[in-house]
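Notes follow the structure.
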Amino acid sequence: MSAVLEISGLKTHFFTHAGVVKAVDGVDFTVSKGEIMGLVGESGSGKSITGFSILGLIDPPGRIVEGSIKFNGEEIANAPENRLQSLRGNRISMIFQDPMMTLNPVLRVDTQMMEAILAHEAVSKQTAWERARDALGLVGIPSPEERLRAYPHQLSGGMRQRVAIATAFLNKPDLIIADEPTTALDVTIQAQIIHEAQKLTKQTGTAMIWITHDLAVVAGLADRISVMYAGRIVEQGGIDDVIDRPLHPYTVGLLGSVPTANRRGKRLFQIEGMTPNMLALPEGCAFGPRCHARTAACDQQPPNDHAGDRRFRCFNPHLAVEAGQ
Amino acid sequence: MTVFVIRRMLQALLVVFLMSVIVFFGVNIVGDPVYMLVSPDADQADIEAAIRRLGLDRPILEQYWLFLKGAAQGDLGDSFIFGEPALKLILHHMPATMELAFSALILAIVIGIPLGLYAGLYPDSRISKGIMAVSIFGFSLPTFWVGLMLIMLFAVELRWVPATGRGDLGSFLGIQSSLFTLDGLSHIFLPALNLALLKISLAIRLTRAGVREAMGQDYVKYARAKGLATRRIILVHVMKNIMIPVVTVMGLEFGSLIGFSVVTETIFAWPGMGKLLIDAILQLDRPVVVAYLMIIVLFFVLINLVVDILYSILDPRVRLQDQGA
Amino acid sequence: MSDMTANNPATPARVETPFQRFRAEFFESKIATLALAIFVIIVLLAVFAPWITPQNPYDLAQVTVMDGRLPPGSESIDGYTMWLGSDGSGRDLYSAILYGLRISLTVGLASGVIALLIGMVIGLVAAYAGGRIEAIIMRIVDLQLSFPASLVALMMVAALGKGVDKIILALVIAQWAYYARTVRATALVERSKEYVEAAQCLGISRARIVFRHILPNCMAPLIVVGTVQTASAISLEATLSFLGVGLPQTEPSIGVLIANGFEYMLSGRYWISVFPGLALLLTVVSINLVGDHMRDVLNPRLKK
């Protein structure tokens with residue numbers, strides 16, 4: 001499989017009055033054609049900033065300070081704005097979290113979909129309109145002609161997110177970044193949306209980065225998974241490996257806090273402590289202060305270790321602890 | 001809906017009635033117009049004749065009753081000074097005022113919105129800070145003082161445009177206005193600018209606040225993620241969102257422009273109804289003062305009524321709330 | 001760790017009162033500090049006018065038409081220099097401006113304070129009574145605010161006539177509603193807070209909620225509105241006096257001075273109008289800058 005996206009050593013920092021926020025601080029991962037990569041972490045872990053960094057949509061006071069983002073072999077980290085603009089919405093699309101906020105309330109759906117085509121291709125308005133209509137049909141919207149004439153507030157939340165997904169697929173991009181696209185939706189709608197997205201990636205061969213804080217969502221969707229904590233990827237691997245045999249104590253904690261049917265009645269695990277203050281991270285492992293497997297070694301920064309195609313940043317990976325018991 | 005409109009209209013009628021009481025009794029206890037109207041060497045008989053002629057010998061309640069009866073038939077009494085119907089005098093002076101207020105409104109929109117847009121897009125630039133400083137001055141400086149300075153600079157020192165009066169009238173589509181001749185335009189420029197100043201500041205502030213708010217919205221980031229050109233994002237996505245509220249507020253300010261034109265007309269000797277009012281107050285020409293104030297009250301009440309009704313049509317929540325109260 | 005010791009509760013920390021913090025933040029802005037300084041100077045000049053001017057411009061014995069319309073820097077017949085020139089009837093403009101400021105400031109501050117008190121009481125009554133009374137009061141407030149204050153003031157002087165007392169009354173009538181609205185807005189915010197509901201459940205009286213919670217909370221916004229409205233009152237009085245419907249010639253505020261100079265302006269004798277105008281400008285702008293900055297300091301939502 002050829003790599004659509006290769007990120008290595010990416011650092012995106014925000015230079016605020018209070019100090020430098022290292023929102024993304026050394027992220028590496030690769031996404032191949034047709035692959036769905038789940039990017040999991042709690043709010044503030046840098047997962048969304050990673051997504052925006054790929055599109056070059058980091059606003060001051062933030063900027064990409066280091067690292068490389070290769071898209072189809074081309075370096076696009078800090079690429080010129082006009083190059084990024086021609087990629088955005090064309091080769092790399094993005095789906096946002098809240099469909100109530102992302103569609104412009106005063107523009108009709110057709111305007112907002114067609115402009116995504118017309119910005120990148122010299123086609124007639126008629127052609128653009130037909131493509132928009134077909135795309136809405138693909139995501140399971142009934143009577144798309146009618147919906148195209150509607151304003152966003154006339155559509156339900158799930159319907160709007162379908163519009164956003166249809167828009168993302170309009171130009172048959174190589175990569176779609178979905179930033180918590182189902183968080184704002186009802187659970188039943190969530191399942192439908194995930195199903196649509198999965199179906200479309202398989203049909204089109206589009207690679208996808210699915211950003212979420214919800215492990216349960218990616219478990220049934222992603223091929224591979226990266227777990228982020230405090231600006232770094234702490235664990236990465238195939239979905240089954242990570243879920244069945246997590247290595248990093250943070251992943252263990254995340255998995256333990258998901259309620260499942262076969263552990264009914266047992267107390268849910270909770271990760272102790274609070275999400276870290278990004279302005280004052282500890283010297284060593286950022287998860288150290290909350291970690292139950294913490295040792296003296298954790299005062300150092302753990303290296304990016306690997307075992308097979310799995311990678312992790314921990315001195316005391318979980319399996320080793322279990323084996324030792 | 002009909003109930004709502006009828007209730008609002010009854011309220012408006014009540015307001016007009018109450019204002020007529022306040023205005024009529026207020027104006028009729030000030031000074032004694034007779035002494036201004038008869039020559040100083042008139043004898044007692046002349047004075048009494050004048051009092052009888054003006055109807056000032058009757059009890060004040062009866063005078064008010066006669067005023068109300070007349071007002072219902074569109075007769076607001078005759079001017080003490082000119083002997084003509086007060087309403088006719090005011091209507092005769094109204095076009096000049098309307099023309100001035102209208103020009104000022106256009107100036108405010110044409111100057112204020114682009115400046116506000118710039119200040120909102122680049123809030124930290126020097127030019128934006130300059131624009132905001134000017135708008136603070138626009139709010140603090142008394143209109144009449146700015147008018148004096150405009151006359152001194154453009155009319156006395158530079159001699160670019162005449163200082164006072166209304167220029168030649170031109171006719172276009174059956175409307176007579178000084179906006180249709182060069183001489184007329186050169187006369188209206190300074191007073192219109194003077195009257196517009198406060199509203200320019202208002203337009204700058206409203207537009208800037210709107211742009212800054214819109215630029216932070218998800219739909220702008222989403223539009224950027226679609227790869228749209230900055231031009232289209234600003235002109236279509238941002239402007240369309242802020243133009244509706246800005247233009248609505250500016251339109252509502254039309255009434256206040258007519259109110260403020262009293263000052264501007266006096267400075268620039270503009271023959272509108274504001275100057276007529278000041279002259280009437282100074283000469284104790286009660287019927288004209290009362291008629292002017294009644295017309296202004298009616299004007300404001302009508303504007304508010306129309307806006308209330310329009311809002312209730314556009315926003316069903318307003319209607320429901322009112323019925324609940 | 002080093003910043004921990006700074007906030008160590010064991011060390012006797014200086015407890016900052018809200019007022020101290022407000023003062024510290026206020027003086028962070030150079031422009032606002034300068035504006036406040038200018039305003040204080042203007043007030044002092046006005047208060048001490050009789051002792052620091054060469055002439056009492058309204059004592060006819062000290063004024064002579066011989067001195068009329070002298071340009072700035074001329075020497076008067078009595079031998080002092082008229083740094084700002086003289087007006088049509090030979091009054092020294094510097095003296096006339098300081099005396100005019102006394103009247104303008106008196107009118108502005110008096111109407112500001114009276115309108116604040118009346119508006120505050122009406123707003124509190126609305127908040128205290130609630131229900132129908134509140135609805136009626138707020139209806140009247142809304143109605144009045146739909147007219148520009150300048151127009152209301154103009155209507156009032158048309159109805160009341162000239163004079164210091166009448167102008168103050170007109171300005172109070174034009175401005176009370178702004179204060180009432182401010183108090184009521186605070187009341188709405190406070191009432192929606194949960195502790196008020198909790199207090200009501202505990203049977204704490206309405207009066208106590210209004211006076212213990214709503215009143216203290218609206219002091220800050222009232223002071224901000226008060227500064228801005230006082231500036232606008234001074235400016236409105238000047239406007240009305242300029243139009244000839246405000247103060248009479250016997251009580252020459254800054255506005256009257258500017259009006260007197262207006263007729264000379266077209267003939268190039270700019271100073272008679274311009275210097276009083278600059279005095280008015282400095283007064284109004286400095287108050288507005290102080291008010292603007294106070295609002296920024298007191299309203300944390302607007303802070304960066």
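Here, A, B, ... name the chains of the structure tokens in the order displayed, residue numbers run from 1 inside each chain, and ligands are numbered from 1 in the same displayed order.
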
Exercise for review: Report as an MDAnalysis selection string the set of chain A residues whose atoms approach chain C to within 12 Å, with distances computed over only C-alpha atoms.
Suggested key: chainID A and resid 16:18 280 282

Write the residues of the preceding selection, restricted to C-alpha atoms, as an mmCIF file, in the first residue's frame.
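Wrote it out as again_28.cif, contents follow:
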data_model
loop_
_atom_site.group_PDB
_atom_site.id
_atom_site.type_symbol
_atom_site.label_atom_id
_atom_site.label_comp_id
_atom_site.auth_asym_id
_atom_site.auth_seq_id
_atom_site.Cartn_x
_atom_site.Cartn_y
_atom_site.Cartn_z
ATOM 1 C CA THR A 16 0.482 32.964 23.645
ATOM 2 C CA HIS A 17 0.946 35.750 26.181
ATOM 3 C CA ALA A 18 1.012 33.170 28.956
ATOM 4 C CA ALA A 280 3.450 23.513 32.368
ATOM 5 C CA PRO A 282 6.427 17.841 33.404
#

**Study point:** Residue hits in chain B, query chain C, radius 9 Å, only C-alpha atoms, as a VMD selection string
**Key:** chain B and resid 15 22 to 31 136 to 137 140 to 145 148 to 149 151 to 152 155 to 157 163 255 to 256 259 to 260 262 to 263 266 to 267 278 281 to 282 289 293 297 300 to 301 304

Practice item. To one decimal in Å, tell me the separation between CA of Phe312 in chain A and CA of Gly19 in chain A. Key: 28.3 Å

Quick one: everything within 10 Å of Thr127 in chain A, counting only C-alpha atoms, minus sequence neighbours fewer than 6 positions away in the same chain. Send it as a CSV table (one decimal) with N, CA and C atoms, in the first residue's frame.
chain,number,residue,atom,x,y,z
A,114,MET,N,-21.7,23.7,-4.2
A,114,MET,CA,-21.1,23.9,-5.6
A,114,MET,C,-19.8,24.7,-5.5
A,117,ILE,N,-16.7,22.8,-5.5
A,117,ILE,CA,-16.3,22.3,-6.8
A,117,ILE,C,-15.7,23.4,-7.7
A,118,LEU,N,-16.5,24.5,-7.7
A,118,LEU,CA,-16.1,25.6,-8.6
A,118,LEU,C,-14.8,26.3,-8.2
A,133,ARG,N,-25.8,17.2,-6.4
A,133,ARG,CA,-27.0,16.4,-6.2
A,133,ARG,C,-26.7,14.9,-6.0

Quick one: which chain B residues come within 7 Å of chain A, and what is the nearest atom pair for each with the distance in Å to one decimal, counting only C-alpha atoms, rows ordered by chain and ascending number, as CSV?
residue,atom,partner,partner_atom,distance
B:Asp218,CA,A:Thr102,CA,4.9
B:Tyr219,CA,A:Thr102,CA,4.0
B:Tyr222,CA,A:Thr102,CA,5.9
B:Ala225,CA,A:Arg88,CA,5.5
B:Lys226,CA,A:Gly89,CA,3.8
B:Gly227,CA,A:Arg88,CA,4.4
B:Leu228,CA,A:Ala119,CA,5.8
B:His237,CA,A:Asn104,CA,6.9
B:Lys240,CA,A:Val106,CA,6.9
B:Asn241,CA,A:Val106,CA,6.2
